[in-house]
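I have placed the structure first, in the form of structure tokens, so that the comments after it can refer back to it.
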Amino acid sequence: MFVGITDIFKIGIGPSSSHTMGPMSAAHRFLENLVSHCQDTARQPTHLQARIHGSLAFTGKGHATDRAIYLGLMGFVPATLDPAQVDAYEARLQADKQIDHPVLGMMAFHPEQDLIFDYDEMLPEHTNGMQFYAFDSAGDLILHEIYYSIGGGFIRRSDEMSQSAVAVDGAHPYQFTTAADMLALADTHGLTIAEMQRANECAYQSEDDLNDFITSIWQVMDNCISRGLATEGVLPGGLDVKRRAKHIYTQLSTEALRNDQQPHIANDWLSVYAMAVNEENAIGGQIVTSPTNGAAGVVPAVIRYYRDHCHGVSEDGIATFLLSAAAIGSIIKTNASISGAEVGCQGEVGSASAMAAAGLCAALGGTNAQIENAAEIALEHHLGMTCDPVGGLVQVPCIERNGLGAIKAVSAASLALRGDGTHLIPLDNCIETMRQTGLDMHERYKETSQGGLAVNLPEC
């Protein structure tokens with residue numbers, strides 16, 4: 001299975017790709033499988049139940065995992081769900097305590113009783129585990145399936161967990177799963193990374209469809225930034241975190257008319273773009289995984305910075321940016337992880353920063369070697385970063401962390417462009433270091449809110 005740009009960048013809703021989008025997709029897929037199973041067996045389900053484990057249980061409330069499962073069982077998927085209707089859908093389920101399926105009919109599902117948070121049992125394949133059950137009127141089990149949400153909105157059923165993240169299927173012309181292979185192929189064929197990625201994508205879709213997709217995901221990203229820059233208020237969840245992007249944006253817009261701007265103001269623009277996205281993510285708004293929701297602000301912020309602040313911007317620069325970023329994201333996912341619950345935030349914001357650094361370097365005309373170097377610099381300086389969301393919410397430290405990830409991405413791209421692409425640590429070795437660090441990292445620092453900042457709040 002080829003993992004390409006449509007996998008790395010997925011339109012969905014916040015606040016989490018692994019804890020919101022993944023569980024919603026898993027619940028929806030379970031219902032689809034239940035339809036097929038019941039048609040084959042002529043059995044009638046009357047009661048549904050779900051159980052979540054590991055990181056999904058520990059931070060499920062803050063990440064809206066419960067709501068995501070409700071919505072998935074009600075037939076919704078992240079890509080087409082209208083965030084403005086979510087409250088109404090959940091209220092209807094809370095009142096009716098049953099799901100009206102167009103094929104299966106009415107099935108009982110009491111949200112407070114039939115979704116079980118299991119804090120004691122960790123399922124064997126991944127910390128983000130969930131189980132779904134369907135019963136008949138006699139209480140006998142009709143179907144039971146186990147799913148894992150493995151980061152970035154990707155899900156797998158238990159029998160699929162042994163599959164490689166990216167298995168070579170022979171369909172795409174430039175087959176690489178490592179940065180070394182990517183550079184060697186590009187050198188052999190005289191192509192850029194973006195050109196190879198485009199050719200690979202067009203093995204599965206027309207070039208017009210690919211271009212339409214690239215346009216659509218950037219439009220969603222850009223719209224998300226604009227909404228965040230225009231909205232005030234307090235983020236939900238009980239931490240009373242104020243939205244800051246609009247206030248900062250107003251300040252920056254006013255200062256842009258003056259002649260006494262500080263030279264580091266570029267960092268403020270990068271931060272405010274990223275924070276705008278992640279404030280929207282925190283309220284459950286429409287988002288693009290980049291490669292996850294928790295890190296969704298980095299890539300859009302750097303693209304907006306490229307478009308609005310850089311010199312030498314080309315018409316196809318955004319497409320070059322996103323194709324190059326997708327190539328790097330696929331390599332990281334293949335050889336390590338993009339899941340905060342698996343390797344900590346180095347796998348989320350670290351991966352996003354590496355992708356953004358590569359994308360910006362490519363858009364600004366960097367060589368393939370410089371692009372690989374940019375990605376390595378950005379990832380190297382996120383190694384060891386924990387995922388320790390306060391209150392299980394994707395707010396602190398996540399929102400500011402995206403701003404700093406964007407700043408690191410631009411710095412990494414700039415450093416790489418000032419060199420010739422040669423450097424000591426190859427990107428592949430840096431990715432392997434991230435994987436090993438994630439294995440060594442204690443579970444309390446991997447999206448469980450049991451360590452780090454999550455347990456070191458002031459008492460007052």
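Each chain of the structure tokens is named A, B, ... in the order shown, its residues numbered from 1; ligands are numbered from 1 in display order.
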Non-local contacts of Ile303 (chain A) (8 Å; only C-alpha atoms; under 2 positions in same chain excluded) as a PDB file with N, CA and C atoms, in the first residue's frame:
```
ATOM      1  N   VAL A 299       2.823  23.045   9.300  1.00  0.00           N
ATOM      2  CA  VAL A 299       2.898  23.117   7.839  1.00  0.00           C
ATOM      3  C   VAL A 299       2.083  24.288   7.289  1.00  0.00           C
ATOM      4  N   PRO A 300       0.803  24.478   7.691  1.00  0.00           N
ATOM      5  CA  PRO A 300       0.065  25.641   7.175  1.00  0.00           C
ATOM      6  C   PRO A 300       0.740  26.970   7.503  1.00  0.00           C
ATOM      7  N   ALA A 301       1.298  27.094   8.715  1.00  0.00           N
ATOM      8  CA  ALA A 301       1.952  28.352   9.095  1.00  0.00           C
ATOM      9  C   ALA A 301       3.129  28.654   8.191  1.00  0.00           C
ATOM     10  N   TYR A 305       3.517  31.683   5.564  1.00  0.00           N
ATOM     11  CA  TYR A 305       4.717  32.525   5.653  1.00  0.00           C
ATOM     12  C   TYR A 305       5.405  32.604   4.286  1.00  0.00           C
ATOM     13  N   TYR A 306       5.536  31.471   3.614  1.00  0.00           N
ATOM     14  CA  TYR A 306       6.141  31.432   2.277  1.00  0.00           C
ATOM     15  C   TYR A 306       5.358  32.310   1.310  1.00  0.00           C
ATOM     16  N   ARG A 307       4.040  32.164   1.333  1.00  0.00           N
ATOM     17  CA  ARG A 307       3.211  32.903   0.373  1.00  0.00           C
ATOM     18  C   ARG A 307       3.208  34.416   0.629  1.00  0.00           C
ATOM     19  N   ILE A 318       3.476  26.210  -3.778  1.00  0.00           N
ATOM     20  CA  ILE A 318       2.728  25.520  -2.721  1.00  0.00           C
ATOM     21  C   ILE A 318       2.599  24.037  -3.041  1.00  0.00           C
ATOM     22  N   PHE A 321       5.889  22.503  -2.325  1.00  0.00           N
ATOM     23  CA  PHE A 321       6.010  22.423  -0.862  1.00  0.00           C
ATOM     24  C   PHE A 321       5.286  21.175  -0.348  1.00  0.00           C
ATOM     25  N   ALA A 356       7.715  20.531   7.083  1.00  0.00           N
ATOM     26  CA  ALA A 356       7.634  21.938   6.691  1.00  0.00           C
ATOM     27  C   ALA A 356       8.984  22.477   6.242  1.00  0.00           C
ATOM     28  N   LEU A 360       9.503  23.997   2.559  1.00  0.00           N
ATOM     29  CA  LEU A 360       9.943  25.367   2.313  1.00  0.00           C
ATOM     30  C   LEU A 360      11.250  25.383   1.525  1.00  0.00           C
TER      31      LEU A 360
END
```
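Comparing the minimum interatomic distances between Ala203 (chain A) and each of A:Tyr119, A:Gln131, A:Gly4, A:Ala57, counting only C-alpha atoms, we find that A:Gly4 sits nearest.
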Polymer residues at most 8 Å from Leu185 (chain A), only C-alpha atoms, same-chain spacing of 3 or more positions, as a CSV table (one decimal) with C-alpha atoms, in the first residue's frame:
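Below is the file out_38.csv, written as the result:
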```csv
chain,number,residue,atom,x,y,z
A,174,TYR,CA,9.8,5.7,-7.9
A,176,PHE,CA,11.5,4.7,-1.8
A,181,ASP,CA,16.8,5.7,-1.6
A,182,MET,CA,14.8,8.9,-2.3
A,188,THR,CA,19.6,8.6,-11.1
A,189,HIS,CA,16.6,10.0,-12.9
```
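For the set A:Thr41, A:Ser339, A:Gln370, A:Asn200, the residue with the smallest atom-to-atom gap to Arg418 (chain A) is A:Gln370, counting only C-alpha atoms.
Near Ile8 (chain A), within a cut-off of 6 Å and counting only C-alpha atoms, sit the residues A:Ile5, A:Thr6, A:Pro291, with same-chain residues fewer than 2 positions away left out.
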Just N, CA and C atoms for this one: save the residues we selected as a compact mmCIF listing (two decimals), in the first residue's frame.
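Below is the file that was written, selection_17.txt:
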```
# COMPACT_ATOMS: atom_id res chain seq x y z
N ILE A 5 0.21 11.63 -0.52
CA ILE A 5 -0.21 12.93 -0.04
C ILE A 5 -1.63 12.91 0.52
N THR A 6 -2.50 12.07 -0.06
CA THR A 6 -3.88 12.01 0.43
C THR A 6 -3.99 11.27 1.76
N PRO A 291 1.41 16.09 10.00
CA PRO A 291 0.68 14.88 9.62
C PRO A 291 -0.38 14.46 10.65
```
Taking the chain letters and numbering used in this document, name the residues of region 144-269 of chain A that DSSP puts in alpha helix (DSSP H), as a PDB file with C-alpha atoms, in the first residue's frame.
```pdb
ATOM      1  CA  ALA A 179      15.652   9.167   2.465  1.00  0.00           C
ATOM      2  CA  ALA A 180      18.786   7.505   1.086  1.00  0.00           C
ATOM      3  CA  ASP A 181      16.751   5.664  -1.551  1.00  0.00           C
ATOM      4  CA  MET A 182      14.839   8.855  -2.318  1.00  0.00           C
ATOM      5  CA  LEU A 183      18.040  10.809  -2.968  1.00  0.00           C
ATOM      6  CA  ALA A 184      19.583   7.996  -5.016  1.00  0.00           C
ATOM      7  CA  LEU A 185      16.504   7.671  -7.245  1.00  0.00           C
ATOM      8  CA  ALA A 186      16.303  11.423  -7.729  1.00  0.00           C
ATOM      9  CA  ASP A 187      19.960  11.546  -8.701  1.00  0.00           C
ATOM     10  CA  THR A 188      19.620   8.609 -11.096  1.00  0.00           C
ATOM     11  CA  HIS A 189      16.591  10.044 -12.884  1.00  0.00           C
ATOM     12  CA  ILE A 193      11.736  15.062  -4.812  1.00  0.00           C
ATOM     13  CA  ALA A 194       8.461  16.825  -5.668  1.00  0.00           C
ATOM     14  CA  GLU A 195       8.595  15.547  -9.261  1.00  0.00           C
ATOM     15  CA  MET A 196       9.082  11.965  -8.084  1.00  0.00           C
ATOM     16  CA  GLN A 197       6.300  12.304  -5.535  1.00  0.00           C
ATOM     17  CA  ARG A 198       3.978  13.726  -8.188  1.00  0.00           C
ATOM     18  CA  ALA A 199       4.710  10.804 -10.520  1.00  0.00           C
ATOM     19  CA  ASN A 200       4.043   8.344  -7.700  1.00  0.00           C
ATOM     20  CA  GLU A 201       0.751  10.036  -6.847  1.00  0.00           C
ATOM     21  CA  GLU A 207      -2.972  14.729 -12.453  1.00  0.00           C
ATOM     22  CA  ASP A 208      -6.099  16.901 -12.473  1.00  0.00           C
ATOM     23  CA  ASP A 209      -7.428  15.092  -9.408  1.00  0.00           C
ATOM     24  CA  LEU A 210      -4.077  15.475  -7.680  1.00  0.00           C
ATOM     25  CA  ASN A 211      -3.961  19.187  -8.436  1.00  0.00           C
ATOM     26  CA  ASP A 212      -7.528  19.581  -7.193  1.00  0.00           C
ATOM     27  CA  PHE A 213      -6.628  17.781  -3.985  1.00  0.00           C
ATOM     28  CA  ILE A 214      -3.569  19.951  -3.385  1.00  0.00           C
ATOM     29  CA  THR A 215      -5.665  23.060  -3.973  1.00  0.00           C
ATOM     30  CA  SER A 216      -8.395  21.842  -1.639  1.00  0.00           C
ATOM     31  CA  ILE A 217      -6.154  20.942   1.289  1.00  0.00           C
ATOM     32  CA  TRP A 218      -4.303  24.240   1.093  1.00  0.00           C
ATOM     33  CA  GLN A 219      -7.654  26.045   0.969  1.00  0.00           C
ATOM     34  CA  VAL A 220      -8.801  24.251   4.136  1.00  0.00           C
ATOM     35  CA  MET A 221      -5.475  25.051   5.820  1.00  0.00           C
ATOM     36  CA  ASP A 222      -5.625  28.698   4.777  1.00  0.00           C
ATOM     37  CA  ASN A 223      -9.268  29.052   5.819  1.00  0.00           C
ATOM     38  CA  CYS A 224      -8.401  27.526   9.180  1.00  0.00           C
ATOM     39  CA  ILE A 225      -5.673  30.124   9.727  1.00  0.00           C
ATOM     40  CA  SER A 226      -8.051  32.918   8.762  1.00  0.00           C
ATOM     41  CA  ARG A 227     -10.783  31.706  11.132  1.00  0.00           C
ATOM     42  CA  GLY A 228      -8.294  31.442  13.956  1.00  0.00           C
ATOM     43  CA  LEU A 229      -6.964  34.944  13.326  1.00  0.00           C
ATOM     44  CA  ALA A 230     -10.499  36.366  13.453  1.00  0.00           C
ATOM     45  CA  ALA A 245      -4.132  34.512  17.861  1.00  0.00           C
ATOM     46  CA  LYS A 246      -6.539  37.342  17.007  1.00  0.00           C
ATOM     47  CA  HIS A 247      -4.988  39.720  19.549  1.00  0.00           C
ATOM     48  CA  ILE A 248      -1.443  38.997  18.364  1.00  0.00           C
ATOM     49  CA  TYR A 249      -2.494  39.271  14.727  1.00  0.00           C
ATOM     50  CA  THR A 250      -4.054  42.673  15.383  1.00  0.00           C
ATOM     51  CA  GLN A 251      -0.821  43.853  16.989  1.00  0.00           C
ATOM     52  CA  LEU A 252       1.301  42.555  14.120  1.00  0.00           C
ATOM     53  CA  SER A 253      -0.971  44.099  11.495  1.00  0.00           C
ATOM     54  CA  THR A 254      -0.727  47.474  13.219  1.00  0.00           C
ATOM     55  CA  GLU A 255       3.042  47.252  13.581  1.00  0.00           C
ATOM     56  CA  ILE A 265       8.990  39.829  13.956  1.00  0.00           C
ATOM     57  CA  ALA A 266       9.012  37.033  11.351  1.00  0.00           C
ATOM     58  CA  ASN A 267       8.954  34.578  14.246  1.00  0.00           C
ATOM     59  CA  ASP A 268       5.822  36.242  15.579  1.00  0.00           C
ATOM     60  CA  TRP A 269       4.054  35.876  12.240  1.00  0.00           C
TER      61      TRP A 269
END
```
Contacts of Met385 (chain A) at 10 Å or less, counting only C-alpha atoms, minus same-chain residues fewer than 4 places along, as a ChimeraX atom specification? /A:340,343-350,381,434,437-438,441,445-446
